[in-house]
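Structure, as structure tokens:
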Amino acid sequence: DTEVTQTPKHLVMGMTNKKSLKCEQHMGHRAMYWYKQKAKKPPELMFVYSYEKLSINESVPSRFSPECPNSSLLNLHLHALQPEDSALYLCASRLGGVGFNEKLFFGSGTQLSVL
Amino acid sequence: AQTVTQSQPEMSVQEAETVTLSCTYDTSESDYYLFWYKQPPSRQMILVIRQEAYKQQNATENRFSVNFQKAAKSFSLKISDSQLGDAAMYFCAYSYTQGGSEKLVFGKGTKLTVNP
């Protein structure tokens with residue numbers, strides 16, 4: 001299994017809703033990432049988990065709350081989002097460990113619309 | 001700060017022809033990695049090719065090759081015998097270590113159109 005699976009593929013939510021994005025991989029990867037991608041822009045890093053611990057937070061607003069319950073699963077909890085948070089949210093994983101710089105495996109993303 | 005610049009927002013190529021996409025980067029690191037990722041309309045990011053900075057030899061993957069000029073901080077992608085399936089957004093990316101993890105920073109992308 002060489003896939004990163006993201007659910008749901010599409011999500012529409014109101015500004016008062018609470019929702020979660022899910023990312024799963026079964027490749028034994030120990031580093032997992034959340035990226036945000038606006039239309040016609042490159043992906044921007046949000047969070048990095050390394051061995052289930054948050055190692056990088058790119059000053060993301062607290063209305064985005066990541067969680068890594070185990071080595072295979074990564075969640076992004078959403079609360080009180082703004083319309084400008086509408087974007088494609090990409091999850092990625094890599095084997096892990098510093099210095100290897102092996103490739104990232106990306107999921108196909110969740111397209112989020114905030115009304 | 002590590003930055004990646006792609007100066008060509010859009011490029012087009014005829015099927016079976018060759019096209020080169022440009023990328024420059026800025027870093028003070030001596031050891032790093034460079035990547036080209038492809039994002040087709042499905043929006044899944046797919047690795048095209050990877051280059052270790054300490055290797056002088058340019059990476060090659062089938063029809064895809066790079067011209068890595070470390071002193072000039074240039075990392076261009078050459079696509080030979082272009083195919084319709086090569087049409088996509090291409091992102092140049094730089095990988096470095098921060099906070100015990102590896103970060104991947106992307107350029108703004110080049111949209112490649114392949115004409116039949």
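Quick note on naming: the chains in the structure tokens go A, B, ... in the order shown, residues restart at 1 in each chain, and ligands are numbered from 1 in order of appearance.
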Item to complete: Would you give me, as a PyMOL selection string, the residues of chain B that come within 12 Å of chain A, using only C-alpha atoms?
Response: chain B and resi 4-6+9-10+31-53+88-111
Worksheet item: Between A:Met32, A:Leu21, A:Val114, A:Leu95, which one has atoms that come closest to His77 of chain A, using only C-alpha atoms?
Response: A:Leu21
Practice prompt. Run DSSP on the backbone of this structure and report the residues of chain A it assigns to strand (DSSP E or B), as a PyMOL selection string.
Written response: chain A and resi 4-7+10-13+18-25+31-37+44-50+53-57+64-70+73-79+87-94+105-106+110-114
Discussion item. My list of candidates is B:Ser7, B:Ser65, B:Gln56, B:Ser82. Which is closest to Val114 of chain B when distances are computed with only C-alpha atoms?
Written reply: B:Ser82
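Atom CA of His29 of chain A sits 13.2 Å away from atom CA of Thr5 of chain A.
Our summary of the geometry notes that atom CA of Ser76 of chain B is positioned 28.2 Å from atom CA of Glu58 of chain A.
Pairwise distance (atom CA of Pro83 of chain A, atom CA of Val12 of chain A) equals 10.7 Å.
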